[in-house]
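Q: If it helps, the file is called upload30.pdb and holds PDB, C-alpha atoms, pLDDT in the B column:
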ATOM      1  CA  MET A   1      67.384 127.251 113.087  1.00 51.00           C
ATOM      2  CA  GLU A   2      70.293 129.069 111.491  1.00 54.00           C
ATOM      3  CA  PRO A   3      72.688 127.088 109.237  1.00 53.00           C
ATOM      4  CA  GLU A   4      76.071 126.372 110.761  1.00 56.00           C
ATOM      5  CA  GLU A   5      78.888 128.534 109.413  1.00 54.00           C
ATOM      6  CA  HIS A   6      82.161 126.825 108.549  1.00 51.00           C
ATOM      7  CA  ILE A   7      85.116 128.014 110.607  1.00 51.00           C
ATOM      8  CA  LEU A   8      87.187 128.759 107.467  1.00 48.00           C
ATOM      9  CA  SER A   9      84.439 130.571 105.558  1.00 53.00           C
ATOM     10  CA  ASP A  10      86.058 133.982 106.167  1.00 54.00           C
ATOM     11  CA  PHE A  11      89.552 132.694 105.409  1.00 60.00           C
ATOM     12  CA  GLU A  12      90.862 134.331 102.259  1.00 73.00           C
ATOM     13  CA  VAL A  13      93.004 132.297  99.904  1.00 79.00           C
ATOM     14  CA  GLU A  14      95.630 133.969  97.728  1.00 88.00           C
ATOM     15  CA  LEU A  15      97.542 131.644  95.446  1.00 90.00           C
ATOM     16  CA  ASP A  16     100.791 132.792  93.858  1.00 91.00           C
ATOM     17  CA  PRO A  17     101.298 130.535  90.823  1.00 90.00           C
ATOM     18  CA  ALA A  18     104.799 129.226  90.162  1.00 91.00           C
ATOM     19  CA  ASN A  19     106.380 130.854  87.114  1.00 90.00           C
ATOM     20  CA  ARG A  20     107.900 129.084  84.101  1.00 88.00           C
ATOM     21  CA  ASN A  21     111.419 129.139  85.541  1.00 90.00           C
ATOM     22  CA  LEU A  22     110.362 127.419  88.757  1.00 92.00           C
ATOM     23  CA  ARG A  23     108.273 124.887  86.833  1.00 91.00           C
ATOM     24  CA  PHE A  24     111.213 124.156  84.536  1.00 91.00           C
ATOM     25  CA  VAL A  25     113.556 123.605  87.510  1.00 94.00           C
ATOM     26  CA  ASN A  26     110.929 121.282  89.039  1.00 94.00           C
ATOM     27  CA  PHE A  27     110.805 119.340  85.779  1.00 92.00           C
ATOM     28  CA  ILE A  28     114.601 118.987  85.482  1.00 94.00           C
ATOM     29  CA  VAL A  29     115.176 117.974  89.123  1.00 96.00           C
ATOM     30  CA  ASP A  30     112.287 115.489  89.075  1.00 95.00           C
ATOM     31  CA  ARG A  31     113.405 114.023  85.728  1.00 93.00           C
ATOM     32  CA  LEU A  32     116.967 113.507  86.999  1.00 95.00           C
ATOM     33  CA  LEU A  33     115.751 111.838  90.188  1.00 95.00           C
ATOM     34  CA  PHE A  34     113.386 109.662  88.136  1.00 94.00           C
ATOM     35  CA  TYR A  35     116.223 108.524  85.862  1.00 91.00           C
ATOM     36  CA  PHE A  36     118.299 107.433  88.875  1.00 90.00           C
ATOM     37  CA  VAL A  37     115.358 105.585  90.440  1.00 89.00           C
ATOM     38  CA  ALA A  38     114.298 104.038  87.117  1.00 84.00           C
ATOM     39  CA  LYS A  39     117.856 102.904  86.404  1.00 83.00           C
ATOM     40  CA  GLY A  40     117.898 101.061  89.734  1.00 81.00           C
ATOM     41  CA  VAL A  41     114.476  99.522  89.187  1.00 76.00           C
ATOM     42  CA  ASN A  42     115.333  98.489  85.650  1.00 73.00           C
ATOM     43  CA  MET A  43     118.564  96.873  86.817  1.00 70.00           C
ATOM     44  CA  LEU A  44     116.475  94.708  89.167  1.00 68.00           C
ATOM     45  CA  TRP A  45     113.774  93.578  86.744  1.00 68.00           C
ATOM     46  CA  GLY A  46     114.969  94.734  83.332  1.00 62.00           C
ATOM     47  CA  ASN A  47     116.532  91.354  82.528  1.00 60.00           C
ATOM     48  CA  TYR A  48     113.128  89.704  82.844  1.00 65.00           C
ATOM     49  CA  LEU A  49     111.700  92.147  80.320  1.00 62.00           C
ATOM     50  CA  VAL A  50     114.569  91.514  77.895  1.00 62.00           C
ATOM     51  CA  ILE A  51     114.126  87.736  78.166  1.00 64.00           C
ATOM     52  CA  ALA A  52     110.349  88.019  77.727  1.00 64.00           C
ATOM     53  CA  MET A  53     110.787  90.122  74.591  1.00 62.00           C
ATOM     54  CA  TYR A  54     113.748  88.207  73.123  1.00 63.00           C
ATOM     55  CA  ASN A  55     111.801  86.944  70.116  1.00 64.00           C
ATOM     56  CA  GLU A  56     110.098  90.267  69.398  1.00 66.00           C
ATOM     57  CA  THR A  57     111.174  92.669  66.670  1.00 71.00           C
ATOM     58  CA  TYR A  58     113.320  95.700  67.428  1.00 65.00           C
ATOM     59  CA  ASN A  59     110.393  98.092  66.839  1.00 72.00           C
ATOM     60  CA  THR A  60     108.153  96.135  69.218  1.00 74.00           C
ATOM     61  CA  ARG A  61     110.843  96.208  71.925  1.00 69.00           C
ATOM     62  CA  LEU A  62     111.368  99.936  71.345  1.00 73.00           C
ATOM     63  CA  ILE A  63     107.647 100.739  71.641  1.00 78.00           C
ATOM     64  CA  ALA A  64     107.238  98.509  74.704  1.00 76.00           C
ATOM     65  CA  SER A  65     110.260 100.112  76.333  1.00 75.00           C
ATOM     66  CA  ALA A  66     108.867 103.618  75.699  1.00 79.00           C
ATOM     67  CA  LEU A  67     105.459 102.672  77.125  1.00 83.00           C
ATOM     68  CA  VAL A  68     107.036 101.113  80.205  1.00 81.00           C
ATOM     69  CA  GLY A  69     109.125 104.259  80.701  1.00 83.00           C
ATOM     70  CA  LEU A  70     106.059 106.511  80.396  1.00 87.00           C
ATOM     71  CA  PHE A  71     104.173 104.401  82.911  1.00 89.00           C
ATOM     72  CA  GLN A  72     107.127 104.346  85.317  1.00 89.00           C
ATOM     73  CA  TYR A  73     107.405 108.148  85.172  1.00 91.00           C
ATOM     74  CA  ALA A  74     103.662 108.592  85.701  1.00 93.00           C
ATOM     75  CA  LEU A  75     103.726 106.216  88.663  1.00 93.00           C
ATOM     76  CA  PHE A  76     106.850 107.837  90.124  1.00 94.00           C
ATOM     77  CA  MET A  77     105.399 111.354  89.935  1.00 95.00           C
ATOM     78  CA  GLY A  78     101.940 110.314  91.156  1.00 95.00           C
ATOM     79  CA  VAL A  79     103.222 108.312  94.125  1.00 96.00           C
ATOM     80  CA  THR A  80     105.730 111.023  95.078  1.00 96.00           C
ATOM     81  CA  GLU A  81     103.063 113.755  95.065  1.00 96.00           C
ATOM     82  CA  ALA A  82     100.640 111.477  96.920  1.00 96.00           C
ATOM     83  CA  LEU A  83     103.136 110.620  99.665  1.00 96.00           C
ATOM     84  CA  PHE A  84     104.372 114.179 100.127  1.00 95.00           C
ATOM     85  CA  LYS A  85     101.035 116.007  99.746  1.00 93.00           C
ATOM     86  CA  GLY A  86     101.673 117.752  96.433  1.00 95.00           C
ATOM     87  CA  LYS A  87     105.443 117.937  96.609  1.00 96.00           C
ATOM     88  CA  THR A  88     108.253 116.322  94.659  1.00 95.00           C
ATOM     89  CA  LEU A  89     111.989 116.793  95.144  1.00 94.00           C
ATOM     90  CA  GLY A  90     111.898 119.517  92.493  1.00 95.00           C
ATOM     91  CA  LYS A  91     109.083 121.289  94.334  1.00 95.00           C
ATOM     92  CA  VAL A  92     110.953 121.026  97.648  1.00 95.00           C
ATOM     93  CA  PHE A  93     113.990 122.581  95.936  1.00 94.00           C
ATOM     94  CA  THR A  94     111.959 125.507  94.509  1.00 96.00           C
ATOM     95  CA  GLY A  95     109.554 125.986  97.433  1.00 95.00           C
ATOM     96  CA  THR A  96     106.456 125.119  95.408  1.00 96.00           C
ATOM     97  CA  ARG A  97     103.542 122.714  95.917  1.00 95.00           C
ATOM     98  CA  ALA A  98     100.575 121.361  93.968  1.00 96.00           C
ATOM     99  CA  VAL A  99      97.261 122.373  95.556  1.00 95.00           C
ATOM    100  CA  ASN A 100      93.525 122.428  94.862  1.00 94.00           C
ATOM    101  CA  PRO A 101      91.918 125.694  93.636  1.00 92.00           C
ATOM    102  CA  ASP A 102      90.961 126.575  97.226  1.00 91.00           C
ATOM    103  CA  GLY A 103      94.567 126.165  98.357  1.00 91.00           C
ATOM    104  CA  SER A 104      93.988 122.895 100.201  1.00 92.00           C
ATOM    105  CA  PRO A 105      96.408 119.964  99.779  1.00 93.00           C
ATOM    106  CA  ILE A 106      95.699 117.565  96.919  1.00 96.00           C
ATOM    107  CA  SER A 107      94.451 114.066  97.664  1.00 96.00           C
ATOM    108  CA  ALA A 108      96.329 110.884  96.817  1.00 96.00           C
ATOM    109  CA  LYS A 109      93.796 110.218  94.055  1.00 96.00           C
ATOM    110  CA  THR A 110      94.428 113.634  92.510  1.00 96.00           C
ATOM    111  CA  ALA A 111      98.193 113.140  92.767  1.00 96.00           C
ATOM    112  CA  LEU A 112      97.959 109.797  90.974  1.00 96.00           C
ATOM    113  CA  LEU A 113      95.728 111.329  88.287  1.00 96.00           C
ATOM    114  CA  ARG A 114      98.267 114.131  87.815  1.00 95.00           C
ATOM    115  CA  GLY A 115     100.902 111.443  87.316  1.00 93.00           C
ATOM    116  CA  LEU A 116      98.803 109.545  84.776  1.00 94.00           C
ATOM    117  CA  CYS A 117      98.152 112.748  82.814  1.00 92.00           C
ATOM    118  CA  ARG A 118     101.904 113.024  82.323  1.00 90.00           C
ATOM    119  CA  MET A 119     101.767 109.907  80.119  1.00 89.00           C
ATOM    120  CA  VAL A 120     100.142 111.899  77.310  1.00 89.00           C
ATOM    121  CA  PRO A 121     102.706 112.481  74.540  1.00 83.00           C
ATOM    122  CA  PHE A 122     104.091 116.025  74.448  1.00 83.00           C
ATOM    123  CA  GLU A 123     102.257 116.893  77.699  1.00 84.00           C
ATOM    124  CA  ALA A 124     105.383 118.601  79.047  1.00 79.00           C
ATOM    125  CA  PHE A 125     105.243 121.124  76.184  1.00 80.00           C
ATOM    126  CA  SER A 126     101.757 122.227  77.295  1.00 82.00           C
ATOM    127  CA  ALA A 127     103.494 124.317  79.993  1.00 80.00           C
ATOM    128  CA  PHE A 128     104.559 126.767  77.288  1.00 76.00           C
ATOM    129  CA  SER A 129     100.999 127.872  76.473  1.00 74.00           C
ATOM    130  CA  GLY A 130      99.181 130.723  78.168  1.00 68.00           C
ATOM    131  CA  SER A 131     100.391 133.726  80.129  1.00 60.00           C
ATOM    132  CA  TRP A 132     101.571 131.593  83.043  1.00 67.00           C
ATOM    133  CA  PRO A 133     102.347 127.908  82.982  1.00 72.00           C
ATOM    134  CA  ARG A 134      99.452 125.586  83.606  1.00 83.00           C
ATOM    135  CA  PRO A 135     100.255 122.302  81.860  1.00 89.00           C
ATOM    136  CA  TRP A 136      97.571 119.801  80.964  1.00 88.00           C
ATOM    137  CA  HIS A 137      98.162 117.765  84.133  1.00 91.00           C
ATOM    138  CA  ASP A 138      97.175 120.892  86.112  1.00 92.00           C
ATOM    139  CA  LYS A 139      94.170 121.755  83.944  1.00 90.00           C
ATOM    140  CA  TRP A 140      92.770 118.243  83.696  1.00 94.00           C
ATOM    141  CA  THR A 141      92.966 117.653  87.457  1.00 95.00           C
ATOM    142  CA  ASP A 142      91.974 121.234  88.405  1.00 94.00           C
ATOM    143  CA  THR A 143      95.137 121.841  90.412  1.00 95.00           C
ATOM    144  CA  TYR A 144      97.713 124.610  90.636  1.00 93.00           C
ATOM    145  CA  VAL A 145     101.416 124.693  91.447  1.00 94.00           C
ATOM    146  CA  ILE A 146     102.036 127.599  93.786  1.00 93.00           C
ATOM    147  CA  VAL A 147     104.925 129.320  95.532  1.00 94.00           C
ATOM    148  CA  GLU A 148     104.456 128.397  99.182  1.00 93.00           C
ATOM    149  CA  LYS A 149     106.141 131.448 100.758  1.00 92.00           C
ATOM    150  CA  THR A 150     103.991 133.987  98.922  1.00 90.00           C
ATOM    151  CA  SER A 151     100.686 132.111  98.910  1.00 87.00           C
ATOM    152  CA  VAL A 152      98.018 132.081 101.595  1.00 83.00           C
ATOM    153  CA  THR A 153      96.403 128.642 101.592  1.00 74.00           C
ATOM    154  CA  ARG A 154      94.063 126.423 103.591  1.00 67.00           C
ATOM    155  CA  GLY A 155      95.291 123.310 105.350  1.00 58.00           C
TER     156      GLY A 155
END
Rewrite the structure of this file - the entire thing - as structure tokens.
A:
Amino acid sequence: MEPEEHILSDFEVELDPANRNLRFVNFIVDRLLFYFVAKGVNMLWGNYLVIAMYNETYNTRLIASALVGLFQYALFMGVTEALFKGKTLGKVFTGTRAVNPDGSPISAKTALLRGLCRMVPFEAFSAFSGSWPRPWHDKWTDTYVIVEKTSVTRG
């Protein structure tokens, strides 16, 4: 008996990676949106954090605030990419999307992992290495950000 051939086995995938300019615009748009969302969230529950940390030293409050901000950004980016199948507002604006190496949409798990990778200090600067931008959150999750109009993908 002959093995069954997958219907997409002859489908060729050509990914056009997003360049540094597009990635930078994604970063700026997403950061601005995050700041607006975070400001609203912090207005709702920020007082509880201040009261809980009232007796702490300034340095402790500063470190805790930075860690909370990193986690909020990671969660925001991960949830956004999970809900919108590899897209954020910045990616909608630039016509790009995060995909798997075969061009298929990323899973919610992968999107959340991409978000968590963004918590690593100086991770954003990793986009400046190499001939085309592939920051650590792309490398570590084996994903690519592509230009949708010029890429041939699966899914």
Q: So which residues touch A:Pro135 within 9 Å, counting only C-alpha atoms, skipping near sequence neighbours fewer than 3 positions away, as an NGL selection string?
A: :A and (123-129 or 138-140)
Q: Convert the current residue selection to file output with C-alpha atoms, as a JSON list (two decimals), in the frame of the given file.
A:
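Final output, part_5.json:
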[["chain", "number", "residue", "atom", "x", "y", "z"],
["A", 123, "GLU", "CA", 102.26, 116.89, 77.70],
["A", 124, "ALA", "CA", 105.38, 118.60, 79.05],
["A", 125, "PHE", "CA", 105.24, 121.12, 76.18],
["A", 126, "SER", "CA", 101.76, 122.23, 77.30],
["A", 127, "ALA", "CA", 103.49, 124.32, 79.99],
["A", 128, "PHE", "CA", 104.56, 126.77, 77.29],
["A", 129, "SER", "CA", 101.00, 127.87, 76.47],
["A", 138, "ASP", "CA", 97.18, 120.89, 86.11],
["A", 139, "LYS", "CA", 94.17, 121.76, 83.94],
["A", 140, "TRP", "CA", 92.77, 118.24, 83.70]]
Q: Pick the closest to A:Asn21 from A:Gln72, A:Thr57, A:Thr150, A:Thr96: which is it, counting all atoms listed in the file?
A: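 Of all the options, A:Thr96 lies closest to A:Asn21.
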Q: What lies within 7 Å of stretch 78-95 of chain A using all atoms listed in the file, ignoring chain neighbours under 5 positions off, as a list in words?
A: Leu22, Val25, Asn26, Phe27, Val29, Asp30, Pro105, Ile106, Ser107, Ala108, Ala111, Leu112, Leu113, Arg114, Gly115, Val147 and Glu148 of chain A
Q: Kindly indicate which residue among A:Val120, A:Leu67, A:Ala74, A:Val152 lies nearest to A:Pro17, using only C-alpha atoms for the distances.
A: A:Val152
Q: Identify which of the residues A:Val145, A:Leu62, A:Val37, A:Leu32 lies closest to A:Ser104, counting only C-alpha atoms when measuring atom-to-atom distances.
A: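 That would be A:Val145, the residue with the smallest distance to A:Ser104.
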Q: Name the residues that the PyMOL selection byres ((chain A and resi 102) around 9) picks from the file above, as a PDB file with C-alpha atoms, in the coordinates of the input, using the file's chain letters and numbers.
A:
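Dumped to result-v6.pdb:
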ATOM      1  CA  VAL A  13      93.004 132.297  99.904  1.00 79.00           C
ATOM      2  CA  GLU A  14      95.630 133.969  97.728  1.00 88.00           C
ATOM      3  CA  LEU A  15      97.542 131.644  95.446  1.00 90.00           C
ATOM      4  CA  VAL A  99      97.261 122.373  95.556  1.00 95.00           C
ATOM      5  CA  ASN A 100      93.525 122.428  94.862  1.00 94.00           C
ATOM      6  CA  PRO A 101      91.918 125.694  93.636  1.00 92.00           C
ATOM      7  CA  GLY A 103      94.567 126.165  98.357  1.00 91.00           C
ATOM      8  CA  SER A 104      93.988 122.895 100.201  1.00 92.00           C
ATOM      9  CA  PRO A 105      96.408 119.964  99.779  1.00 93.00           C
ATOM     10  CA  THR A 153      96.403 128.642 101.592  1.00 74.00           C
ATOM     11  CA  ARG A 154      94.063 126.423 103.591  1.00 67.00           C
TER      12      ARG A 154
END
Q: What's the separation between atom CA of A:Lys109 and atom CA of A:Ile63, in Å to one decimal place?
A: 28.0 Å
Q: Do you know which residues the PyMOL selection byres ((chain A and resi 70) around 12) returns on this file, as a list in words?
A: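 Applied to this file, the PyMOL selection byres ((chain A and resi 70) around 12) returns Arg31, Phe34, Tyr35, Ala38, Ile63, Ala64, Ser65, Ala66, Leu67, Val68, Gly69, Phe71, Gln72, Tyr73, Ala74, Leu75, Phe76, Met77, Gly115, Leu116, Cys117, Arg118, Met119, Val120, Pro121, Phe122 and Glu123 of chain A.
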Q: From the set A:Ala18, A:Met43, A:Leu33, A:Ile28, which residue has the shortest atom-to-atom contact distance to A:Lys149, counting all atoms listed in the file?
A: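 For A:Lys149, the nearest of the given residues is A:Ala18.
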Q: Report the distance between atom CA of A:Asn19 and atom CA of A:Thr110 in Å, rounded to one decimal place.
A: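 Straight-line distance from atom CA of A:Asn19 to atom CA of A:Thr110 works out to 21.6 Å.
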